[in-house]
file work_0.cif (mmCIF, C-alpha atoms and all ligand atoms)
data_coords
#
loop_
_atom_site.label_atom_id
_atom_site.label_comp_id
_atom_site.auth_asym_id
_atom_site.auth_seq_id
_atom_site.Cartn_x
_atom_site.Cartn_y
_atom_site.Cartn_z
CA MET A 23 -55.40 34.54 48.98
CA GLU A 24 -56.99 35.03 52.36
CA PHE A 25 -59.27 33.14 54.72
CA TYR A 26 -62.41 34.27 56.44
CA ARG A 27 -62.83 32.08 59.48
CA GLU A 28 -61.30 32.06 62.93
CA THR A 29 -59.86 28.53 62.74
CA TRP A 30 -56.58 27.68 61.07
CA VAL A 31 -53.58 25.36 61.00
CA GLU A 32 -50.09 26.75 61.41
CA VAL A 33 -47.29 24.80 59.73
CA ASN A 34 -43.82 25.65 60.95
CA LEU A 35 -41.63 25.08 57.90
CA ASN A 36 -38.47 25.56 59.97
CA ALA A 37 -39.44 22.36 61.81
CA ILE A 38 -39.76 20.44 58.51
CA GLY A 39 -36.35 21.81 57.47
CA LEU A 40 -34.73 20.96 60.79
CA ASN A 41 -36.15 17.41 60.91
CA THR A 42 -34.85 16.85 57.36
CA LYS A 43 -31.38 18.29 58.01
CA GLN A 44 -31.03 16.20 61.17
CA LEU A 45 -31.85 13.02 59.28
CA LYS A 46 -29.37 13.98 56.56
CA ALA A 47 -26.65 14.26 59.22
CA HIS A 48 -27.72 10.91 60.74
CA ILE A 49 -27.48 8.78 57.57
CA PRO A 50 -24.50 8.03 55.30
CA ASP A 51 -23.56 10.82 52.85
CA GLU A 52 -24.42 8.78 49.78
CA THR A 53 -27.96 7.99 51.00
CA GLN A 54 -30.59 10.21 49.40
CA ILE A 55 -33.78 11.36 51.14
CA MET A 56 -37.15 10.95 49.47
CA ALA A 57 -39.55 13.28 51.31
CA ILE A 58 -42.92 11.54 51.55
CA VAL A 59 -45.56 14.17 50.80
CA LYS A 60 -48.53 11.95 49.97
CA ALA A 61 -51.97 12.81 51.37
CA ASP A 62 -51.16 16.51 51.04
CA ALA A 63 -48.01 15.95 53.11
CA TYR A 64 -49.89 14.14 55.88
CA GLY A 65 -52.31 17.08 56.02
CA HIS A 66 -49.60 19.75 56.22
CA GLY A 67 -49.73 20.83 52.54
CA ALA A 68 -47.71 19.06 49.83
CA TYR A 69 -46.23 21.99 47.97
CA PRO A 70 -44.74 24.04 50.83
CA VAL A 71 -43.50 20.91 52.59
CA ALA A 72 -41.94 19.56 49.37
CA PHE A 73 -40.27 22.91 48.76
CA GLU A 74 -38.87 23.07 52.29
CA ALA A 75 -37.72 19.43 52.30
CA LEU A 76 -35.95 19.89 48.95
CA SER A 77 -34.27 23.04 50.29
CA SER A 78 -33.10 21.08 53.36
CA GLY A 79 -31.44 18.05 51.80
CA ALA A 80 -34.17 15.87 50.29
CA THR A 81 -33.60 15.06 46.60
CA TRP A 82 -36.73 13.01 45.80
CA LEU A 83 -40.44 13.28 46.58
CA GLY A 84 -42.81 10.37 47.19
CA VAL A 85 -46.58 10.47 46.75
CA ALA A 86 -49.32 7.83 46.70
CA LEU A 87 -51.18 8.93 43.57
CA LEU A 88 -50.33 10.22 40.11
CA ASP A 89 -52.75 13.10 40.76
CA GLU A 90 -50.62 14.16 43.73
CA ALA A 91 -47.47 14.09 41.60
CA LEU A 92 -49.11 16.11 38.82
CA SER A 93 -50.29 18.70 41.31
CA LEU A 94 -46.67 19.21 42.44
CA ARG A 95 -45.51 19.50 38.82
CA GLN A 96 -48.28 22.06 38.14
CA LYS A 97 -46.92 24.16 40.97
CA GLY A 98 -43.44 24.09 39.46
CA ILE A 99 -41.67 21.34 41.42
CA LYS A 100 -38.95 19.91 39.17
CA ALA A 101 -37.41 17.32 41.52
CA PRO A 102 -37.85 13.61 40.77
CA ILE A 103 -41.16 12.22 42.07
CA LEU A 104 -42.13 8.59 42.65
CA VAL A 105 -45.76 7.45 42.79
CA LEU A 106 -45.68 4.76 45.48
CA GLY A 107 -49.07 3.19 44.76
CA TRP A 108 -50.61 1.48 41.71
CA THR A 109 -51.21 3.66 38.66
CA ARG A 110 -53.52 2.80 35.74
CA PRO A 111 -51.46 1.49 32.78
CA ALA A 112 -53.43 3.88 30.56
CA ASP A 113 -51.99 6.83 32.51
CA ILE A 114 -48.29 6.20 31.92
CA ALA A 115 -48.19 8.68 29.04
CA ILE A 116 -49.08 11.57 31.33
CA ALA A 117 -46.57 10.32 33.92
CA ALA A 118 -43.81 10.12 31.29
CA GLU A 119 -44.68 13.53 29.88
CA HIS A 120 -44.22 15.04 33.35
CA ASN A 121 -41.17 12.96 34.20
CA ILE A 122 -42.90 11.16 37.06
CA SER A 123 -41.62 7.72 38.11
CA LEU A 124 -44.10 4.94 38.76
CA THR A 125 -44.25 1.78 40.85
CA VAL A 126 -44.52 -1.56 39.05
CA PHE A 127 -45.10 -5.10 40.34
CA GLN A 128 -47.21 -6.85 37.70
CA ALA A 129 -45.96 -8.16 34.32
CA GLU A 130 -49.55 -7.87 33.07
CA TRP A 131 -49.39 -4.16 33.92
CA ILE A 132 -46.35 -3.71 31.67
CA LYS A 133 -48.07 -5.69 28.91
CA GLN A 134 -51.12 -3.41 29.05
CA ALA A 135 -48.96 -0.31 29.39
CA ARG A 136 -46.91 -1.30 26.31
CA GLU A 137 -50.05 -1.78 24.24
CA GLN A 138 -51.45 1.60 25.19
CA TYR A 139 -48.27 3.69 25.21
CA GLN A 140 -47.57 5.33 21.84
CA SER A 141 -44.69 7.63 22.76
CA GLN A 142 -40.97 6.91 22.61
CA MET A 143 -40.30 8.84 25.81
CA PRO A 144 -38.80 6.66 28.54
CA VAL A 145 -41.01 5.50 31.39
CA PHE A 146 -39.12 5.30 34.70
CA LEU A 147 -40.20 2.56 37.06
CA HIS A 148 -39.42 1.28 40.55
CA ILE A 149 -40.09 -2.42 41.18
CA LYS A 150 -41.95 -2.99 44.44
CA CYS A 151 -41.08 -6.15 46.38
CA ASP A 152 -43.52 -7.52 48.94
CA THR A 153 -41.22 -8.81 51.65
CA GLY A 154 -43.90 -9.10 54.32
CA MET A 155 -46.13 -6.03 54.23
CA GLY A 156 -48.65 -8.04 52.19
CA ARG A 157 -49.93 -4.97 50.38
CA ILE A 158 -48.46 -4.56 46.88
CA GLY A 159 -45.31 -6.01 45.33
CA ILE A 160 -43.83 -9.08 43.71
CA ARG A 161 -43.20 -12.11 45.91
CA GLU A 162 -42.20 -15.01 43.67
CA THR A 163 -39.28 -15.70 41.28
CA GLU A 164 -41.85 -16.42 38.53
CA GLU A 165 -43.03 -12.83 38.86
CA MET A 166 -39.42 -11.66 38.54
CA ASP A 167 -38.98 -13.76 35.38
CA ALA A 168 -42.11 -12.27 33.86
CA LEU A 169 -41.08 -8.70 34.77
CA ALA A 170 -37.53 -9.20 33.45
CA ASP A 171 -38.91 -10.56 30.15
CA ALA A 172 -41.30 -7.62 29.85
CA PHE A 173 -38.49 -5.10 30.43
CA ARG A 174 -36.18 -6.82 27.93
CA ALA A 175 -38.92 -6.66 25.32
CA ASP A 176 -39.37 -2.88 25.51
CA PRO A 177 -36.42 -0.51 26.11
CA ARG A 178 -38.79 2.43 26.71
CA PHE A 179 -39.51 0.93 30.15
CA ILE A 180 -36.54 1.62 32.40
CA VAL A 181 -36.08 0.17 35.87
CA GLU A 182 -34.86 3.10 37.92
CA GLY A 183 -35.33 1.58 41.37
CA ILE A 184 -36.19 -1.44 43.49
CA PHE A 185 -37.90 -1.05 46.85
CA THR A 186 -39.85 -2.62 49.67
CA HIS A 187 -41.77 -1.40 52.72
CA PHE A 188 -41.45 -2.55 56.32
CA ALA A 189 -44.44 -3.52 58.45
CA THR A 190 -42.86 -3.40 61.92
CA ALA A 191 -39.73 -1.19 61.75
CA ASP A 192 -41.21 1.01 64.52
CA GLU A 193 -41.55 -1.88 66.99
CA ASN A 194 -39.00 -2.93 69.62
CA ASP A 195 -38.85 -6.57 68.53
CA PRO A 196 -36.64 -6.67 65.40
CA THR A 197 -37.52 -10.26 64.36
CA TYR A 198 -40.03 -9.44 61.62
CA PHE A 199 -38.00 -6.43 60.43
CA ASN A 200 -34.91 -8.64 60.07
CA LYS A 201 -36.91 -11.24 58.18
CA GLN A 202 -38.16 -8.59 55.72
CA TYR A 203 -34.67 -7.11 55.35
CA GLN A 204 -33.19 -10.54 54.62
CA ARG A 205 -35.92 -11.30 52.13
CA PHE A 206 -35.28 -7.98 50.40
CA THR A 207 -31.54 -8.62 50.01
CA THR A 208 -32.34 -12.07 48.56
CA MET A 209 -34.86 -10.59 46.13
CA LEU A 210 -32.34 -7.92 45.09
CA THR A 211 -29.82 -10.61 44.16
CA GLN A 212 -32.49 -12.59 42.33
CA LEU A 213 -33.51 -9.51 40.34
CA MET A 214 -29.88 -8.69 39.54
CA ASP A 215 -29.41 -12.29 38.34
CA ARG A 216 -32.15 -11.49 35.84
CA GLY A 217 -30.29 -8.45 34.54
CA ILE A 218 -32.20 -5.88 36.61
CA ASN A 219 -29.66 -3.55 38.18
CA PRO A 220 -31.14 -0.10 38.88
CA ASN A 221 -29.48 3.00 40.33
CA LEU A 222 -31.78 3.28 43.32
CA VAL A 223 -32.51 0.77 46.05
CA HIS A 224 -34.67 1.82 48.99
CA CYS A 225 -36.45 0.13 51.86
CA ALA A 226 -36.46 2.43 54.90
CA ASN A 227 -39.40 4.46 56.19
CA SER A 228 -38.78 6.95 59.04
CA ALA A 229 -38.55 4.24 61.69
CA ALA A 230 -35.95 2.20 59.80
CA ALA A 231 -34.00 5.32 58.81
CA LEU A 232 -33.80 6.47 62.44
CA LYS A 233 -33.01 3.04 63.90
CA HIS A 234 -30.86 1.39 61.23
CA PRO A 235 -28.69 3.97 59.43
CA ASP A 236 -26.49 1.03 58.35
CA LYS A 237 -29.34 -0.70 56.46
CA LEU A 238 -30.58 1.96 54.08
CA PHE A 239 -29.12 1.10 50.65
CA ASN A 240 -28.98 4.43 48.80
CA MET A 241 -32.29 6.16 49.60
CA VAL A 242 -34.74 6.48 52.50
CA ARG A 243 -38.40 7.39 52.33
CA TYR A 244 -38.87 9.94 55.10
CA GLY A 245 -42.46 10.57 56.21
CA ILE A 246 -43.76 10.89 59.75
CA ALA A 247 -40.49 11.97 61.40
CA MET A 248 -40.03 14.77 58.86
CA TYR A 249 -43.26 16.21 60.33
CA GLY A 250 -41.68 15.98 63.78
CA LEU A 251 -43.65 12.97 64.98
CA SER A 252 -42.29 9.72 66.37
CA PRO A 253 -43.11 6.67 64.19
CA SER A 254 -44.46 4.92 67.31
CA GLU A 255 -44.83 5.29 71.07
CA GLN A 256 -42.16 2.62 71.50
CA MET A 257 -39.60 4.68 69.63
CA LYS A 258 -40.24 7.93 71.49
CA SER A 259 -37.76 7.36 74.30
CA ASP A 260 -34.95 6.33 71.98
CA LEU A 261 -34.89 8.77 69.06
CA PRO A 262 -31.39 9.57 67.70
CA PHE A 263 -32.23 13.28 67.56
CA GLN A 264 -35.03 15.51 68.78
CA LEU A 265 -37.97 15.90 66.42
CA GLN A 266 -39.88 19.15 66.20
CA GLN A 267 -43.64 18.98 65.54
CA ALA A 268 -44.53 21.26 62.61
CA PHE A 269 -48.33 21.29 62.93
CA SER A 270 -50.46 23.46 65.22
CA LEU A 271 -54.24 23.93 65.22
CA LYS A 272 -55.71 27.19 66.43
CA THR A 273 -59.01 28.97 66.71
CA SER A 274 -60.40 31.86 68.73
CA LEU A 275 -63.28 32.74 71.00
CA VAL A 276 -66.27 33.97 69.00
CA HIS A 277 -68.74 34.08 71.92
CA VAL A 278 -68.37 34.22 75.70
CA LYS A 279 -71.19 34.12 78.24
CA GLN A 280 -71.96 33.07 81.78
CA ILE A 281 -74.60 30.40 82.37
CA GLU A 282 -76.38 29.75 85.64
CA ALA A 283 -76.31 26.58 87.71
CA GLY A 284 -78.72 24.08 86.16
CA GLU A 285 -78.31 25.40 82.60
CA SER A 286 -77.00 23.06 79.90
CA VAL A 287 -74.80 23.23 76.81
CA SER A 288 -74.99 21.66 73.31
CA TYR A 289 -76.95 18.78 71.72
CA GLY A 290 -78.39 16.31 74.14
CA ALA A 291 -77.85 18.79 77.00
CA THR A 292 -75.18 16.41 78.31
CA PHE A 293 -73.32 19.14 80.24
CA THR A 294 -75.14 20.98 83.00
CA ALA A 295 -73.47 23.71 85.05
CA THR A 296 -73.44 23.19 88.81
CA GLU A 297 -72.55 26.82 89.50
CA PRO A 298 -72.34 30.06 87.46
CA THR A 299 -69.95 29.06 84.65
CA TRP A 300 -68.16 30.96 81.88
CA ILE A 301 -68.67 29.28 78.51
CA GLY A 302 -66.66 30.09 75.37
CA THR A 303 -67.78 29.11 71.87
CA LEU A 304 -65.16 28.07 69.29
CA PRO A 305 -65.82 27.93 65.53
CA ILE A 306 -64.50 24.40 64.95
CA GLY A 307 -66.38 21.12 64.84
CA TYR A 308 -66.43 17.59 63.57
CA ALA A 309 -66.86 18.76 59.96
CA ASP A 310 -63.35 20.22 60.26
CA GLY A 311 -62.06 16.85 61.49
CA TRP A 312 -62.23 17.74 65.20
CA LEU A 313 -64.10 14.55 66.01
CA ARG A 314 -66.97 14.27 68.51
CA ARG A 315 -65.05 11.57 70.39
CA LEU A 316 -62.60 14.26 71.60
CA ALA A 317 -65.21 15.77 73.93
CA GLY A 318 -64.58 14.70 77.50
CA HIS A 319 -60.91 13.99 76.69
CA ALA A 320 -59.17 16.83 74.84
CA THR A 321 -58.55 20.17 76.51
CA VAL A 322 -57.70 23.46 74.78
CA LEU A 323 -55.21 26.15 75.74
CA VAL A 324 -56.06 29.78 76.42
CA LYS A 325 -53.22 32.01 77.58
CA GLY A 326 -51.19 28.94 78.60
CA LYS A 327 -54.01 27.33 80.67
CA ARG A 328 -55.96 24.15 79.90
CA PHE A 329 -59.75 24.27 79.63
CA PRO A 330 -62.16 21.38 78.98
CA ILE A 331 -64.53 20.97 76.07
CA VAL A 332 -68.07 20.86 77.47
CA GLY A 333 -71.09 19.22 75.89
CA ARG A 334 -71.08 17.53 72.50
CA ILE A 335 -68.91 18.80 69.65
CA CYS A 336 -71.20 20.12 66.90
CA MET A 337 -70.60 20.10 63.15
CA ASP A 338 -69.01 23.57 63.04
CA GLN A 339 -68.72 24.71 66.65
CA MET A 340 -67.94 23.54 70.15
CA MET A 341 -67.99 24.99 73.66
CA ILE A 342 -65.34 25.17 76.37
CA GLN A 343 -65.54 25.99 80.05
CA LEU A 344 -63.50 29.07 81.02
CA ASP A 345 -62.39 30.41 84.39
CA ALA A 346 -63.07 34.06 83.47
CA PRO A 347 -64.71 36.19 80.75
CA TYR A 348 -61.88 36.17 78.21
CA PRO A 349 -62.30 38.70 75.39
CA LEU A 350 -63.73 37.79 72.00
CA GLY A 351 -60.94 37.02 69.55
CA GLU A 352 -58.70 35.50 72.25
CA GLU A 353 -56.53 32.84 70.59
CA VAL A 354 -57.26 29.21 71.53
CA THR A 355 -54.79 26.41 70.82
CA LEU A 356 -56.11 22.92 70.16
CA ILE A 357 -52.77 21.47 69.03
CA GLY A 358 -49.46 23.21 69.74
CA SER A 359 -48.11 25.46 72.42
CA SER A 360 -49.52 28.35 74.44
CA GLY A 361 -47.40 29.82 77.24
CA ASN A 362 -45.71 26.89 78.96
CA GLU A 363 -48.44 24.40 78.04
CA TYR A 364 -48.33 22.11 75.03
CA VAL A 365 -50.85 19.83 73.33
CA SER A 366 -49.00 17.35 71.16
CA ILE A 367 -50.46 15.46 68.21
CA ASP A 368 -49.63 12.30 70.17
CA GLU A 369 -51.87 13.48 73.02
CA ILE A 370 -54.79 13.87 70.60
CA SER A 371 -54.17 10.52 68.86
CA GLY A 372 -54.09 8.92 72.33
CA TYR A 373 -57.61 10.20 73.11
CA LEU A 374 -58.82 8.88 69.78
CA GLY A 375 -57.16 5.49 70.21
CA THR A 376 -55.30 5.92 66.95
CA ILE A 377 -51.82 6.76 65.62
CA ASN A 378 -50.35 10.25 65.29
CA TYR A 379 -50.30 9.92 61.45
CA GLU A 380 -54.10 10.15 61.42
CA VAL A 381 -54.47 13.44 63.31
CA PRO A 382 -53.08 16.05 60.85
CA CYS A 383 -54.68 14.04 58.00
CA MET A 384 -58.10 14.27 59.66
CA ILE A 385 -58.02 18.08 59.97
CA ASN A 386 -59.47 18.57 56.55
CA HIS A 387 -59.40 21.14 53.78
CA ARG A 388 -62.06 23.30 55.42
CA VAL A 389 -59.29 24.50 57.72
CA PRO A 390 -56.87 26.86 55.96
CA ARG A 391 -53.13 26.21 56.34
CA LEU A 392 -50.82 29.11 57.23
CA TYR A 393 -47.11 28.63 56.56
CA PHE A 394 -44.53 30.14 58.87
CA LYS A 395 -40.82 30.55 58.41
CA ASN A 396 -38.64 32.31 60.99
CA ASP A 397 -41.88 33.26 62.81
CA GLU A 398 -43.14 35.11 59.76
CA ARG A 399 -46.26 34.06 57.84
CA ILE A 400 -45.09 33.42 54.28
CA ALA A 401 -48.07 31.72 52.61
CA ILE A 402 -51.69 30.65 53.05
CA SER A 403 -53.56 27.80 51.45
CA ASN A 404 -57.34 27.86 51.51
CA PRO A 405 -58.77 25.22 49.17
CA ILE A 406 -62.40 26.18 49.87
CA ILE A 407 -61.92 29.43 48.01
CA ASP A 408 -59.45 27.91 45.52
CA SER A 409 -61.88 25.26 44.34
CA ALA A 410 -64.79 27.69 44.02
CA SER A 411 -62.75 29.86 41.68
CA ILE A 412 -62.14 27.04 39.19
CA LEU A 413 -65.77 26.08 38.69
CA GLU A 414 -65.94 25.91 34.89
CA GLU A 415 -69.71 26.19 34.60
CA LYS A 416 -69.75 29.27 36.81
CA ASP A 417 -71.02 31.68 34.11
CA GLU A 418 -73.83 29.34 33.11
CA LEU A 419 -74.80 28.84 36.72
CA ASP A 420 -74.88 32.59 37.26
CA LYS A 421 -77.22 32.96 34.29
CA LYS A 422 -79.54 30.24 35.58
CA LEU A 423 -79.67 31.79 39.02
CA ASP A 424 -80.36 35.32 37.72
C1 LIG A 501 -44.37 3.01 50.62
C2 LIG A 501 -44.16 3.98 51.73
N1 LIG A 501 -42.92 4.45 51.95
C3 LIG A 501 -42.65 5.32 52.95
C4 LIG A 501 -43.66 5.78 53.77
C5 LIG A 501 -43.30 6.74 54.89
O1 LIG A 501 -43.45 6.11 56.12
P1 LIG A 501 -43.24 6.93 57.47
O2 LIG A 501 -44.26 8.00 57.46
O3 LIG A 501 -43.49 5.92 58.53
O4 LIG A 501 -41.85 7.46 57.43
C6 LIG A 501 -44.95 5.32 53.59
C7 LIG A 501 -46.00 5.79 54.48
O5 LIG A 501 -46.97 5.20 54.80
C8 LIG A 501 -45.21 4.39 52.54
O6 LIG A 501 -46.43 3.92 52.33
#

call {"tool": "encode", "arguments": {"input": "work_0.cif", "output": "structure tokens"}}
result
Amino acid sequence: MEFYRETWVEVNLNAIGLNTKQLKAHIPDETQIMAIVKADAYGHGAYPVAFEALSSGATWLGVALLDEALSLRQKGIKAPILVLGWTRPADIAIAAEHNISLTVFQAEWIKQAREQYQSQMPVFLHIKCDTGMGRIGIRETEEMDALADAFRADPRFIVEGIFTHFATADENDPTYFNKQYQRFTTMLTQLMDRGINPNLVHCANSAAALKHPDKLFNMVRYGIAMYGLSPSEQMKSDLPFQLQQAFSLKTSLVHVKQIEAGESVSYGATFTATEPTWIGTLPIGYADGWLRRLAGHATVLVKGKRFPIVGRICMDQMMIQLDAPYPLGEEVTLIGSSGNEYVSIDEISGYLGTINYEVPCMINHRVPRLYFKNDERIAISNPIIDSASILEEKDELDKKLD
């Protein structure tokens, strides 16, 4: 597998490993780590991140979709996986076949699942409690009664875990967090009173795991901090250990020229040089996820120096202003370090008025991911070429086009 463009993401797997090991040392020995690798590991690449996290102390993986779990199984991951979102009842057979645990919070779901499920293989489930996130989960004791009845009626359905999700664990004010935590402990007791007593109980995301190592039950779901990013701006100054960002975004100069005073650059001719100016062209644009709104805010690094983006960002290219005629092929860093300069993901999310979670997710599959360990490139993922090679109707298409 190779890639044929001059723009790429570098994922430092050592950083993922270090961030995981540091959390492991921070939490009680008996608390397991579920590495959250949904959304292609927040844009980093699910398989390599899962592999590294499991090698560094994580014992579970969490994804949002059954498809994401199946993709990890296809690649040979054997560790337990939980699908955190809603799954179609009709799809439990494929989950059970691949030993994938699912989230449940509706008695009607179990009823439908029971009707459609023909196998005797056990189906492992985690009950989701809505303690204040207001997204998915049971809230009322009537729902607990209905779930408990449904489980009693069918021993193929096994409650493996109970969990909830915090809405404000990353904020300074603990009031809402405490309310959710209290509600969760009450719901746990109420579920146990109904004979539901699973092995796994988990509530903490990264923020809660970092801030409250005494409130984790026996598993944490570790997402953003595993990627080396602070769960919020508020938490940045008070992290229990240093996080190392794993994600860098790089490109290189594919064209360099000098324009005269009065000449303009890019759509709308919004940038006009006031003196002879060196302009570099970079093969990255908004179709890669490098959004137009970054122009006028983000700067890029060349040989450890910051240079501004000039003119509008195009679909596949953008221009920067240089201080000299740098050679073609010179590496340009959009996120990450160059010399003594550093562009953090937080800097980019600040320009976009969003959270750091969104930035690696928005750099899409058009940008190949290169995986580094001990400064050595160990793997490449390039879905553009991957997906072309699995086109089933390829032969027929070839014939038609001939
Ligand atoms: C249910 C659930 N658990 C855990 C996480 C991980 O959260 P974080 O990335 O803040 O650690 C998420 C992420 O959104 C989630 O939805």

call {"tool": "axis_aligned_box", "arguments": {"input": "work_0.cif", "around": "ligand LIG 501 (chain A)", "padding_each_side": "3 Å", "output": "lines of an AutoDock Vina configuration file"}}
result
center_x = -44.4
center_y = 5.5
center_z = 54.6
size_x = 11.1
size_y = 11.0
size_z = 13.9

call {"tool": "closest_atom_pairs", "arguments": {"input": "work_0.cif", "of": "chain A", "to": "ligand LIG 501 (chain A)", "cutoff": "7 Å", "atoms": "only C-alpha atoms and all ligand atoms", "output": "JSON lines"}}
result
{"residue": "A:Ile58", "atom": "CA", "partner": "A:LIG501", "partner_atom": "C5", "distance": 5.9}
{"residue": "A:Leu106", "atom": "CA", "partner": "A:LIG501", "partner_atom": "C1", "distance": 5.6}
{"residue": "A:His187", "atom": "CA", "partner": "A:LIG501", "partner_atom": "C1", "distance": 5.5}
{"residue": "A:Asn227", "atom": "CA", "partner": "A:LIG501", "partner_atom": "O4", "distance": 4.1}
{"residue": "A:Ser228", "atom": "CA", "partner": "A:LIG501", "partner_atom": "O4", "distance": 3.5}
{"residue": "A:Ala229", "atom": "CA", "partner": "A:LIG501", "partner_atom": "O3", "distance": 6.1}
{"residue": "A:Arg243", "atom": "CA", "partner": "A:LIG501", "partner_atom": "C3", "distance": 4.8}
{"residue": "A:Tyr244", "atom": "CA", "partner": "A:LIG501", "partner_atom": "O4", "distance": 4.5}
{"residue": "A:Gly245", "atom": "CA", "partner": "A:LIG501", "partner_atom": "O2", "distance": 3.4}
{"residue": "A:Ile246", "atom": "CA", "partner": "A:LIG501", "partner_atom": "O2", "distance": 3.7}
{"residue": "A:Ala247", "atom": "CA", "partner": "A:LIG501", "partner_atom": "O4", "distance": 6.2}
{"residue": "A:Pro253", "atom": "CA", "partner": "A:LIG501", "partner_atom": "O3", "distance": 5.7}

call {"tool": "atom_distance", "arguments": {"input": "work_0.cif", "atom1": "atom CA of A:Leu83", "atom2": "atom CA of A:Met248"}}
result
12.4 Å

call {"tool": "residues_around", "arguments": {"input": "work_0.cif", "residues": "A:His277", "least_positions_apart": "2", "cutoff": "8 Å", "atoms": "only C-alpha atoms", "output": "list in words"}}
result
Leu275, Lys279, Gly302, Thr303, Leu304 and Leu350 of chain A

call {"tool": "residues_around", "arguments": {"input": "work_0.cif", "residues": "A:Ala295", "least_positions_apart": "4", "cutoff": "7 Å", "atoms": "all atoms listed in the file", "output": "NGL selection string"}}
result
:A and (282-286 or 299)

call {"tool": "closest_residue", "arguments": {"input": "work_0.cif", "among": "A:Asp62, A:Glu28, A:Asp171, A:Glu255", "to": "A:Ser274", "atoms": "all atoms listed in the file"}}
result
A:Glu28
